[in-house]
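Source file query-v6.txt; content: compact mmCIF, C-alpha atoms.
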```txt
# COMPACT_ATOMS: atom_id res chain seq x y z
CA MET A 1 155.77 121.28 84.69
CA LYS A 2 152.12 120.91 83.73
CA VAL A 3 149.50 120.60 86.44
CA LYS A 4 145.80 119.90 86.10
CA ILE A 5 142.98 118.42 88.15
CA ASN A 6 142.46 114.78 87.25
CA ASN A 7 139.17 113.92 85.59
CA HIS A 8 138.22 111.43 88.30
CA ALA A 9 139.05 111.20 91.98
CA LEU A 10 141.94 108.77 92.60
CA ASP A 11 142.06 108.27 88.81
CA ARG A 12 139.31 105.69 89.12
CA ILE A 13 136.26 105.83 86.86
CA PRO A 14 133.14 106.41 88.98
CA LEU A 15 130.42 103.79 89.16
CA SER A 16 127.05 104.80 90.56
CA ILE A 17 123.43 103.64 90.42
CA ILE A 18 120.37 105.88 90.46
CA PHE A 19 117.10 104.53 91.86
CA ASP A 20 113.97 106.35 90.80
CA ASP A 21 110.33 106.00 91.94
CA SER A 22 111.20 104.62 95.38
CA THR A 23 109.54 105.72 98.61
CA VAL A 24 108.35 104.46 102.01
CA LEU A 25 106.82 100.97 101.58
CA VAL A 26 104.23 101.82 98.92
CA ASN A 27 104.69 101.05 95.24
CA LEU A 28 103.60 104.46 94.00
CA ASN A 29 103.53 103.11 90.46
CA TYR A 30 100.38 101.11 91.26
CA PHE A 31 98.56 104.39 91.90
CA TRP A 32 100.40 106.31 89.19
CA MET A 33 99.29 103.89 86.45
CA ARG A 34 95.79 103.63 87.91
CA ASP A 35 95.35 107.40 87.88
CA ARG A 36 97.10 108.06 84.57
CA ASN A 37 95.46 105.39 82.41
CA PRO A 38 92.10 107.21 82.08
CA LEU A 39 93.87 110.40 81.03
CA ASP A 40 95.94 109.04 78.17
CA GLY A 41 93.98 105.93 77.24
CA GLN A 42 96.83 103.54 77.96
CA GLY A 43 96.23 100.03 79.24
CA ARG A 44 99.01 99.78 81.79
CA HIS A 45 98.55 96.74 84.05
CA TRP A 46 98.26 98.62 87.33
CA GLU A 47 95.95 96.05 88.91
CA TYR A 48 98.60 93.33 88.55
CA VAL A 49 101.56 95.15 90.09
CA PRO A 50 102.22 94.97 93.86
CA VAL A 51 100.89 97.72 96.09
CA VAL A 52 103.73 97.38 98.60
CA HIS A 53 107.49 96.92 98.41
CA PRO A 54 108.17 95.18 101.72
CA GLU A 55 110.77 96.48 104.14
CA SER A 56 112.46 93.07 104.23
CA PHE A 57 113.31 93.32 100.52
CA THR A 58 114.65 96.86 100.84
CA ARG A 59 116.75 95.88 103.84
CA GLU A 60 118.19 92.85 102.02
CA PHE A 61 119.07 95.02 99.04
CA ALA A 62 120.69 97.69 101.23
CA GLU A 63 122.77 95.14 103.14
CA TRP A 64 123.95 93.63 99.86
CA CYS A 65 125.02 97.08 98.64
CA LEU A 66 127.01 97.66 101.83
CA GLU A 67 128.73 94.28 101.45
CA ASN A 68 129.63 94.95 97.80
CA GLY A 69 130.47 98.64 98.06
CA VAL A 70 127.68 99.70 95.69
CA LYS A 71 126.74 103.39 95.95
CA GLY A 72 124.46 105.89 94.25
CA LYS A 73 121.19 107.78 94.73
CA PHE A 74 117.87 106.57 96.19
CA SER A 75 114.71 108.61 95.68
CA ILE A 76 112.11 108.93 98.40
CA VAL A 77 108.95 110.52 97.04
CA PRO A 78 107.69 112.77 99.89
CA CYS A 79 103.94 112.56 99.16
CA PRO A 80 103.67 109.50 96.92
CA ALA A 81 100.82 109.68 94.41
CA ALA A 82 99.26 112.37 96.64
CA LEU A 83 98.36 109.67 99.21
CA GLY A 84 99.84 111.64 102.10
CA ARG A 85 103.04 113.16 103.46
CA ILE A 86 105.53 110.62 104.75
CA ASP A 87 106.36 112.87 107.71
CA HIS A 88 102.69 112.87 108.72
CA GLY A 89 102.20 109.18 107.96
CA LEU A 90 100.67 107.37 105.01
CA PRO A 91 97.15 106.19 105.86
CA MET A 92 97.84 102.75 104.39
CA PHE A 93 100.37 101.82 107.07
CA SER A 94 100.69 101.91 110.83
CA LYS A 95 103.10 104.30 112.53
CA GLN A 96 105.18 101.31 113.64
CA GLN A 97 105.50 100.04 110.07
CA GLN A 98 106.61 103.41 108.77
CA ASP A 99 108.98 104.12 111.66
CA SER A 100 110.60 100.73 111.14
CA TRP A 101 111.12 101.43 107.43
CA LEU A 102 112.60 104.86 108.14
CA ASP A 103 114.95 103.43 110.78
CA MET A 104 116.08 100.83 108.26
CA CYS A 105 116.65 103.50 105.63
CA ARG A 106 118.75 105.68 107.91
CA GLU A 107 120.85 102.71 109.06
CA PHE A 108 121.36 100.76 105.85
CA ILE A 109 120.55 102.90 102.79
CA VAL A 110 121.98 106.29 103.78
CA PRO A 111 125.58 105.01 104.17
CA SER A 112 125.59 104.00 100.49
CA PHE A 113 123.10 106.33 98.83
CA ASP A 114 122.20 109.98 98.62
CA ILE A 115 118.56 110.57 99.40
CA THR A 116 116.58 112.86 97.11
CA PRO A 117 112.93 113.77 96.73
CA GLU A 118 111.49 112.94 93.34
CA MET A 119 109.53 116.09 93.69
CA MET A 120 106.38 115.96 95.73
CA THR A 121 104.07 113.22 94.43
CA HIS A 122 105.51 111.89 91.16
CA SER A 123 101.99 112.40 89.84
CA TYR A 124 99.62 115.34 90.46
CA VAL A 125 100.90 118.80 91.35
CA VAL A 126 99.45 119.44 94.80
CA ASP A 127 98.40 122.50 96.77
CA LEU A 128 101.02 123.17 99.45
CA GLU A 129 98.42 123.86 102.11
CA THR A 130 96.15 120.86 101.62
CA PHE A 131 98.50 118.51 99.75
CA GLN A 132 95.57 117.62 97.51
CA PRO A 133 95.76 117.77 93.70
CA LEU A 134 95.19 121.21 92.22
CA GLU A 135 91.77 121.85 90.72
CA SER A 136 93.48 121.95 87.31
CA ARG A 137 94.66 118.34 87.89
CA ILE A 138 98.01 119.03 86.22
CA TRP A 139 100.85 116.50 86.59
CA GLU A 140 104.43 117.05 87.69
CA GLN A 141 106.05 115.16 84.81
CA TYR A 142 103.76 116.43 82.08
CA GLU A 143 102.49 120.00 82.48
CA TRP A 144 105.51 120.88 84.62
CA GLN A 145 108.03 119.83 82.00
CA THR A 146 107.83 123.57 81.43
CA LEU A 147 108.02 125.04 84.89
CA PRO A 148 106.06 128.29 85.43
CA MET A 149 109.00 130.68 85.32
CA ASP A 150 106.72 133.61 86.12
CA GLN A 151 105.93 131.92 89.45
CA GLU A 152 109.43 131.37 90.78
CA GLU A 153 108.34 131.61 94.42
CA LEU A 154 105.77 128.86 93.88
CA VAL A 155 108.31 126.51 92.29
CA PHE A 156 110.88 127.35 94.98
CA ASN A 157 108.38 126.58 97.75
CA TYR A 158 107.27 123.38 96.03
CA ILE A 159 110.80 121.98 95.78
CA ALA A 160 111.83 123.30 99.21
CA THR A 161 108.79 121.68 100.85
CA ALA A 162 109.61 118.35 99.22
CA CYS A 163 113.13 118.61 100.64
CA GLN A 164 111.87 119.70 104.07
CA ILE A 165 109.56 116.67 104.35
CA LEU A 166 112.57 114.38 103.91
CA LYS A 167 114.60 116.39 106.40
CA ASN A 168 111.70 116.11 108.87
CA VAL A 169 112.11 112.31 108.89
CA GLY A 170 115.88 112.45 109.29
CA LEU A 171 116.73 111.96 105.62
CA THR A 172 118.35 115.24 104.61
CA PRO A 173 118.55 115.31 100.80
CA GLU A 174 121.75 115.94 98.85
CA GLY A 175 119.88 116.77 95.66
CA VAL A 176 116.56 116.45 93.86
CA THR A 177 115.31 114.12 91.14
CA SER A 178 112.90 114.93 88.33
CA PRO A 179 109.79 112.78 88.11
CA GLY A 180 109.77 112.04 84.38
CA GLY A 181 110.00 115.23 82.33
CA PHE A 182 109.77 117.64 85.29
CA GLY A 183 111.74 120.79 84.50
CA GLY A 184 113.25 119.41 81.32
CA LYS A 185 112.04 122.22 79.04
CA THR A 186 113.14 124.96 81.47
CA LEU A 187 116.40 123.37 82.60
CA GLU A 188 118.34 126.53 83.42
CA PHE A 189 115.48 127.80 85.59
CA TYR A 190 115.11 124.38 87.19
CA ALA A 191 118.82 124.28 88.07
CA LYS A 192 118.58 127.70 89.64
CA VAL A 193 115.46 127.13 91.73
CA SER A 194 116.36 123.61 92.85
CA GLY A 195 119.76 124.84 93.98
CA LEU A 196 118.23 127.71 95.94
CA ALA A 197 115.60 125.45 97.52
CA LEU A 198 118.08 122.77 98.56
CA ARG A 199 120.48 125.35 99.96
CA GLU A 200 117.66 126.97 101.93
CA VAL A 201 116.62 123.67 103.54
CA THR A 202 119.97 121.93 103.98
CA GLY A 203 122.66 124.60 103.85
CA ASN A 204 124.54 122.53 101.25
CA PRO A 205 126.65 124.90 99.10
CA THR A 206 126.82 122.46 96.16
CA PRO A 207 123.58 120.47 95.85
CA TYR A 208 122.67 118.68 92.64
CA PHE A 209 119.74 117.64 90.49
CA PHE A 210 119.08 114.66 88.23
CA LYS A 211 117.06 115.01 85.06
CA ARG A 212 118.99 113.93 81.98
CA PHE A 213 120.77 111.04 80.32
CA SER A 214 124.00 111.58 78.38
CA ASP A 215 126.41 109.48 76.39
CA ASP A 216 129.41 110.34 78.55
CA ALA A 217 127.79 110.94 81.98
CA LYS A 218 129.57 114.25 82.34
CA ALA A 219 128.43 116.23 85.38
CA PRO A 220 127.73 119.85 84.33
CA VAL A 221 128.09 122.63 86.88
CA TRP A 222 125.55 125.46 87.05
CA TYR A 223 125.47 128.89 88.73
CA ILE A 224 129.07 129.07 89.90
CA ASP A 225 129.90 131.67 92.56
CA ARG A 226 133.59 131.26 93.41
CA LYS A 227 133.57 133.91 96.11
CA ALA A 228 130.72 132.26 98.00
CA GLY A 229 131.89 128.74 97.15
CA THR A 230 128.49 127.77 95.79
CA ALA A 231 127.28 126.02 92.66
CA VAL A 232 124.62 123.58 91.49
CA GLY A 233 125.79 120.20 90.23
CA GLU A 234 124.01 117.96 87.77
CA VAL A 235 124.38 114.20 87.58
CA THR A 236 123.53 112.52 84.27
CA ALA A 237 122.88 108.83 83.71
CA SER A 238 124.79 106.92 81.04
CA THR A 239 122.94 103.61 80.70
CA GLY A 240 119.45 102.53 79.77
CA ASP A 241 117.27 100.72 82.28
CA TRP A 242 117.42 97.00 81.58
CA THR A 243 116.36 96.03 85.11
CA GLY A 244 112.58 95.88 84.64
CA SER A 245 112.15 99.57 83.83
CA TRP A 246 109.57 101.96 85.30
CA THR A 247 106.62 99.60 84.89
CA GLY A 248 108.26 96.93 87.02
CA TYR A 249 107.34 94.19 84.57
CA GLU A 250 109.56 94.86 81.54
CA GLN A 251 112.29 92.48 80.36
CA VAL A 252 115.75 92.49 81.90
CA SER A 253 119.17 91.94 80.31
CA VAL A 254 122.57 91.49 81.87
CA ASP A 255 124.25 91.40 78.47
CA LYS A 256 123.03 94.85 77.47
CA TYR A 257 125.11 96.09 80.38
CA ILE A 258 128.04 93.70 80.08
CA THR A 259 128.43 90.40 78.28
CA ALA A 260 129.81 87.23 79.86
CA ASP A 261 133.15 87.65 78.04
CA LEU A 262 133.37 91.15 79.61
CA GLN A 263 133.86 92.74 76.19
CA GLY A 264 130.41 93.76 75.00
CA GLY A 265 127.64 95.93 76.37
CA ARG A 266 127.29 99.49 77.58
CA VAL A 267 129.56 99.23 80.63
CA PRO A 268 132.78 98.20 78.83
CA ALA A 269 132.14 100.88 76.20
CA LEU A 270 131.93 103.55 78.89
CA LEU A 271 134.95 102.25 80.80
CA ASN A 272 137.07 102.05 77.64
CA ALA A 273 136.22 105.69 76.93
CA GLY A 274 137.07 106.68 80.50
CA ASN A 275 133.51 107.84 81.16
CA PRO A 276 131.53 107.33 84.39
CA VAL A 277 129.10 104.43 84.53
CA VAL A 278 125.92 105.89 86.03
CA PHE A 279 123.16 103.31 85.96
CA CYS A 280 119.54 104.45 86.01
CA SER A 281 117.09 101.94 87.46
CA HIS A 282 113.60 102.00 88.91
CA TRP A 283 112.79 100.52 92.29
CA GLN A 284 109.69 98.71 91.03
CA GLY A 285 111.83 96.93 88.43
CA PHE A 286 114.29 95.74 91.06
CA TYR A 287 111.43 94.20 93.05
CA GLY A 288 109.39 93.00 90.07
CA MET A 289 105.90 91.58 90.37
CA HIS A 290 106.32 89.78 93.71
CA ASN A 291 108.92 88.96 96.34
CA ASP A 292 110.24 85.93 94.45
CA ASP A 293 110.57 87.87 91.17
CA ARG A 294 113.38 90.36 91.93
CA ARG A 295 114.16 90.58 88.23
CA GLY A 296 116.06 93.83 88.42
CA PHE A 297 117.95 93.01 91.60
CA ASN A 298 119.09 89.63 90.31
CA THR A 299 120.16 91.17 87.01
CA PHE A 300 122.17 93.86 88.75
CA LYS A 301 123.92 91.34 91.02
CA THR A 302 125.32 89.67 87.91
CA VAL A 303 126.33 93.03 86.42
CA VAL A 304 128.26 93.90 89.58
CA LYS A 305 129.93 90.47 89.59
CA ARG A 306 131.11 91.00 86.02
CA ILE A 307 132.45 94.47 86.81
CA GLN A 308 134.40 92.92 89.68
CA GLU A 309 135.87 90.47 87.18
CA ILE A 310 136.95 93.37 84.94
CA ASP A 311 138.57 95.22 87.84
CA PRO A 312 139.36 92.68 90.58
CA ASP A 313 141.86 94.91 92.38
CA GLY A 314 139.81 98.10 92.22
CA GLU A 315 142.47 99.97 90.27
CA LYS A 316 140.25 101.24 87.47
CA THR A 317 136.85 101.91 89.05
CA GLN A 318 135.27 103.05 92.29
CA TRP A 319 131.65 103.16 93.44
CA ARG A 320 130.55 106.69 94.33
CA LYS A 321 127.44 108.40 95.58
CA CYS A 322 126.05 110.82 93.00
CA SER A 323 126.91 113.72 95.30
CA GLU A 324 130.55 112.60 95.33
CA ILE A 325 130.59 112.74 91.54
CA THR A 326 128.93 116.15 91.32
CA ASN A 327 130.92 117.68 94.18
CA TYR A 328 134.17 116.61 92.53
CA SER A 329 132.97 118.21 89.27
CA CYS A 330 132.17 121.42 91.15
CA ALA A 331 135.61 121.43 92.73
CA LYS A 332 137.33 120.71 89.41
CA GLU A 333 135.43 123.48 87.64
CA MET A 334 135.95 126.09 90.35
CA THR A 335 139.57 125.52 91.45
CA GLU A 336 142.28 127.96 90.36
CA ILE A 337 145.91 126.81 90.13
CA SER A 338 149.10 128.91 90.09
CA ILE A 339 152.61 127.52 89.59
CA LYS A 340 155.94 129.12 90.51
CA ASP A 341 159.12 127.05 90.33
CA ASN A 342 158.43 123.95 92.43
CA THR A 343 155.42 125.38 94.26
CA ILE A 344 151.83 124.81 93.24
CA GLU A 345 149.14 126.89 94.92
CA PHE A 346 145.45 126.00 94.85
CA ASP A 347 142.48 128.25 95.51
CA LEU A 348 139.71 125.78 96.38
CA PRO A 349 136.21 127.24 96.80
CA VAL A 350 134.89 123.67 97.15
CA LEU A 351 136.68 121.12 99.35
CA VAL A 352 136.30 117.45 98.42
CA PRO A 353 138.07 114.31 99.64
CA ASP A 354 140.38 112.39 97.31
CA PHE A 355 141.18 115.57 95.38
CA THR A 356 143.50 114.31 92.65
CA ILE A 357 146.15 116.21 90.71
CA ARG A 358 147.88 115.07 87.51
CA ILE A 359 151.42 116.38 86.99
CA THR A 360 153.53 115.90 83.85
CA GLY A 361 156.83 117.22 82.56
CA VAL A 362 158.87 116.68 85.71
CA ASP A 363 160.56 113.78 87.50
CA ILE A 364 159.12 113.86 91.01
CA LYS A 365 160.86 112.37 94.06
CA GLY A 366 158.59 113.75 96.78
CA VAL A 367 155.47 115.82 97.43
CA SER A 368 154.27 117.82 100.43
CA VAL A 369 150.92 119.52 101.00
CA ASP A 370 150.96 122.42 103.46
CA GLY A 371 154.18 121.06 104.91
CA GLU A 372 152.98 117.48 105.29
CA PHE A 373 154.87 114.93 103.21
CA LEU A 374 152.82 112.43 101.25
CA LYS A 375 153.70 108.76 101.03
CA LYS A 376 154.79 107.34 97.69
CA THR A 377 152.95 104.22 96.57
CA ASN A 378 154.34 101.87 93.96
CA SER A 379 151.01 100.42 92.85
CA LYS A 380 147.80 101.88 91.49
CA SER A 381 145.80 99.76 93.93
CA GLY A 382 147.65 101.48 96.78
CA PHE A 383 146.94 104.98 95.47
CA LYS A 384 144.70 106.76 97.97
CA SER A 385 144.36 110.16 99.61
CA GLY A 386 147.63 111.22 101.22
CA THR A 387 149.80 109.45 98.64
CA PHE A 388 151.39 110.03 95.24
CA PHE A 389 151.91 107.54 92.44
CA VAL A 390 154.41 107.80 89.58
CA ASP A 391 153.26 106.10 86.38
CA ASN A 392 155.88 106.61 83.66
CA VAL A 393 155.70 110.31 82.78
CA VAL A 394 152.61 111.03 84.90
CA THR A 395 152.52 111.67 88.64
CA LEU A 396 149.18 111.45 90.43
CA VAL A 397 148.78 113.17 93.78
CA ALA A 398 145.74 112.78 96.05
CA PHE A 399 144.89 114.63 99.25
CA ASP A 400 141.97 115.83 101.36
CA PRO A 401 142.13 119.65 101.43
CA LYS A 402 141.27 121.15 104.81
CA LYS A 403 141.12 124.82 103.77
CA ARG A 404 140.55 126.98 100.72
CA ASN A 405 144.18 127.93 100.06
CA VAL A 406 146.59 125.01 99.78
CA LYS A 407 150.31 124.98 98.93
CA MET A 408 151.97 121.95 97.37
CA GLU A 409 155.77 121.60 97.14
CA ILE A 410 157.41 119.32 94.56
CA MET A 411 160.79 117.69 95.24
CA LYS A 412 162.70 116.70 92.13
```

Show the structure stored in the file as structure tokens.
Amino acid sequence: MKVKINNHALDRIPLSIIFDDSTVLVNLNYFWMRDRNPLDGQGRHWEYVPVVHPESFTREFAEWCLENGVKGKFSIVPCPAALGRIDHGLPMFSKQQQDSWLDMCREFIVPSFDITPEMMTHSYVVDLETFQPLESRIWEQYEWQTLPMDQEELVFNYIATACQILKNVGLTPEGVTSPGGFGGKTLEFYAKVSGLALREVTGNPTPYFFKRFSDDAKAPVWYIDRKAGTAVGEVTASTGDWTGSWTGYEQVSVDKYITADLQGGRVPALLNAGNPVVFCSHWQGFYGMHNDDRRGFNTFKTVVKRIQEIDPDGEKTQWRKCSEITNYSCAKEMTEISIKDNTIEFDLPVLVPDFTIRITGVDIKGVSVDGEFLKKTNSKSGFKSGTFFVDNVVTLVAFDPKKRNVKMEIMK
């Protein structure tokens, strides 16, 4: 009998969408391009992009995601473009406007999306006492591509403060997101400090960070401590951004994701390889240049419709928050399995729902977990936690572990 942890929970390929550059009401990119153009001589059209992303649009988007089961990660920049802390109030908006947006976010976005800071400002590095740009005028995504490793306490406090601001408004983060190149040239240090900062603020034993793209969207696991049950996850994106991109006014393309015949594009290629589909989009692209534009949102609606056509019964894919992907990777990496006769014992430092085991080399008639018998399902669409499914020579077993040490009995 061979036993291993299945690559994906419930043997369904994860789908997830990452939203970068989003925050409370303001389109921070208006200010980012305005402030950056003089420094690098670029002619970005900051004066033509909207200053505000209205709450009504964000609410409509969030309700659509709930209706269609779409999940992922949604950044909220804590001090966008150094305009002010969102927990103290942005001077551009009234308290009522900001409270309304935050209430909407907690009610409609949080059920489907992890919330993360995209560090503090997504532009200038700020002083943590004044929240004004440093005298050096360095930028988070440029000069801090190489984080100052000799100032670990500073970096820790910077990331922890960004997380604390979100927690202060009732949006406890599950991870952190890099603004642009932030941390990319000191990745191991970044993984360490972001994990420590998140754990300090939230108590989460397995937080994650997002920085990189990869061909296979594998979720690496950093700084494993099996005894403590802690680690730092990393989510990686596996598609380009063809939903208006970071400027908000770039071209869009459904077919680059998935063609009308459902055969071409990045999504089928990833699914055929069994790799997660982790979209990376930018909030300003979803909105576009005005409220009737919605270039990215409309593009993505068609992408989701085509994925539903590929997998109408939900047997092959499942939408997941990024934290669900990274937590499963942490559990898979850290679990130890021992087998004796018909008994399988698991030492699980990290407990995740839909924990899925793949068993080969034995004809299985029944399965129990800690004395509780699981129900056999005869279809892949019916395979869920608390069941097992026999597919030719493979048996899949899924359960929600309640404690670190779990005993599974196999009936032949």

Within 12 Å of stretch 153-171 of chain A, which residues of stretch 184-247 of chain A come that close, and what is the closest atom pair and distance in Å for each? Count all atoms listed in the file and give it as CSV.
```
residue,atom,partner,partner_atom,distance
A:Thr186,CA,A:Val155,CA,12.0
A:Phe189,CA,A:Val155,CA,9.9
A:Tyr190,CA,A:Val155,CA,8.8
A:Ala191,CA,A:Phe156,CA,11.0
A:Lys192,CA,A:Phe156,CA,9.4
A:Val193,CA,A:Phe156,CA,5.6
A:Ser194,CA,A:Ile159,CA,6.5
A:Gly195,CA,A:Phe156,CA,9.3
A:Leu196,CA,A:Phe156,CA,7.4
A:Ala197,CA,A:Ala160,CA,4.7
A:Leu198,CA,A:Ala160,CA,6.3
A:Arg199,CA,A:Ala160,CA,8.9
A:Glu200,CA,A:Ala160,CA,7.4
A:Val201,CA,A:Gln164,CA,6.2
A:Thr202,CA,A:Lys167,CA,8.1
A:Gly203,CA,A:Cys163,CA,11.7
A:Pro207,CA,A:Cys163,CA,11.6
A:Phe209,CA,A:Ile159,CA,11.3
```

### Query
Can you tell me, as a PyMOL selection string, what residues are no more than 9 Å from stretch 345-350 of chain A when counting only C-alpha atoms, ignoring any on the same chain fewer than 3 positions away?
chain A and resi 205-206+225-230+327-328+330-332+334-340+401+403-409

Against stretch 63-69 of chain A, which residues of stretch 110-180 of chain A fall within 12 Å? For each one I want the closest pair of atoms and the distance in Å (one decimal), counting only C-alpha atoms, rows by chain and increasing residue number, as a Markdown table.
```
| residue | atom | partner | partner_atom | distance |
| --- | --- | --- | --- | --- |
| A:Val110 | CA | A:Leu66 | CA | 10.2 |
| A:Pro111 | CA | A:Leu66 | CA | 7.8 |
| A:Ser112 | CA | A:Leu66 | CA | 6.6 |
| A:Phe113 | CA | A:Cys65 | CA | 9.4 |
```

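As for atom CA of A:Gly240 and atom CA of A:Val278, they are spaced 9.6 Å apart.
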
### Task
Find the residues around A:Asp35 up to 12 Å (all atoms listed in the file counted), leave out those fewer than 2 positions away in its own chain, and share them as a list of chain:residue names.
A:Leu28, A:Asn29, A:Tyr30, A:Phe31, A:Trp32, A:Met33, A:Asn37, A:Pro38, A:Leu39, A:Asp40, A:Gly41, A:Gln42, A:Gly43, A:Arg44, A:His45, A:Trp46, A:Glu47, A:Ala81, A:Ala82, A:Leu83, A:His122, A:Ser123, A:Tyr124, A:Pro133, A:Arg137, A:Trp139

Would you mind exporting C-alpha atoms of the selected residues as a short mmCIF file (atom, residue, chain, number, x, y, z; two decimals), in the frame of the given file?
```cif
data_model
loop_
_atom_site.label_atom_id
_atom_site.label_comp_id
_atom_site.auth_asym_id
_atom_site.auth_seq_id
_atom_site.Cartn_x
_atom_site.Cartn_y
_atom_site.Cartn_z
CA LEU A 28 103.60 104.46 94.00
CA ASN A 29 103.53 103.11 90.46
CA TYR A 30 100.38 101.11 91.26
CA PHE A 31 98.56 104.39 91.90
CA TRP A 32 100.40 106.31 89.19
CA MET A 33 99.29 103.89 86.45
CA ASN A 37 95.46 105.39 82.41
CA PRO A 38 92.10 107.21 82.08
CA LEU A 39 93.87 110.40 81.03
CA ASP A 40 95.94 109.04 78.17
CA GLY A 41 93.98 105.93 77.24
CA GLN A 42 96.83 103.54 77.96
CA GLY A 43 96.23 100.03 79.24
CA ARG A 44 99.01 99.78 81.79
CA HIS A 45 98.55 96.74 84.05
CA TRP A 46 98.26 98.62 87.33
CA GLU A 47 95.95 96.05 88.91
CA ALA A 81 100.82 109.68 94.41
CA ALA A 82 99.26 112.37 96.64
CA LEU A 83 98.36 109.67 99.21
CA HIS A 122 105.51 111.89 91.16
CA SER A 123 101.99 112.40 89.84
CA TYR A 124 99.62 115.34 90.46
CA PRO A 133 95.76 117.77 93.70
CA ARG A 137 94.66 118.34 87.89
CA TRP A 139 100.85 116.50 86.59
#
```

### Query
What is the distance, in Å and to one decimal place, between atom CA of A:Phe389 and atom CA of A:Thr343?
18.3 Å

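Interatomic distance, atom CA of A:Thr360 to atom CA of A:Val3: 6.7 Å.
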
Put a box with edges along x, y and z around all the listed atoms of stretch 179-197 of chain A, pad it by 3 Å on each side, then give me its centre and sizes in Å, one decimal, as JSON.
```
{"center_x": 114.8, "center_y": 119.9, "center_z": 88.3, "size_x": 16.0, "size_y": 21.8, "size_z": 24.5}
```

### Task
Considering all atoms listed in the file, state which residue in the set A:Ser136, A:Val24, A:Pro312, A:Thr121 is at the smallest distance from A:Asp99.
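Counting all atoms listed in the file, the residue closest to A:Asp99 is A:Val24.
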
### Message
I'd like the neighbourhood of A:Asp241 as a ChimeraX atom specification, where a residue qualifies if any of its atoms comes within 8 Å (using only C-alpha atoms), though same-chain residues fewer than 3 positions away should be ignored.
### Response
/A:244-245,279-282

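Using only C-alpha atoms, the smallest distance between any of A:Thr302, A:Met289, A:Val126, A:Gly89 and A:Val52 comes from A:Met289.
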
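Each of A:Glu234, A:Glu174, A:Asp216, A:Asp292 was checked against A:Glu188 using only C-alpha atoms; the smallest atom-to-atom distance is that of A:Glu234.
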
### Message
Give me the residues near A:Ala9 as number ranges by chain, where near means some atom within 7 Å (using only C-alpha atoms) and where sequence neighbours in that chain fewer than 6 positions away do not count.
### Response
A: 354-356
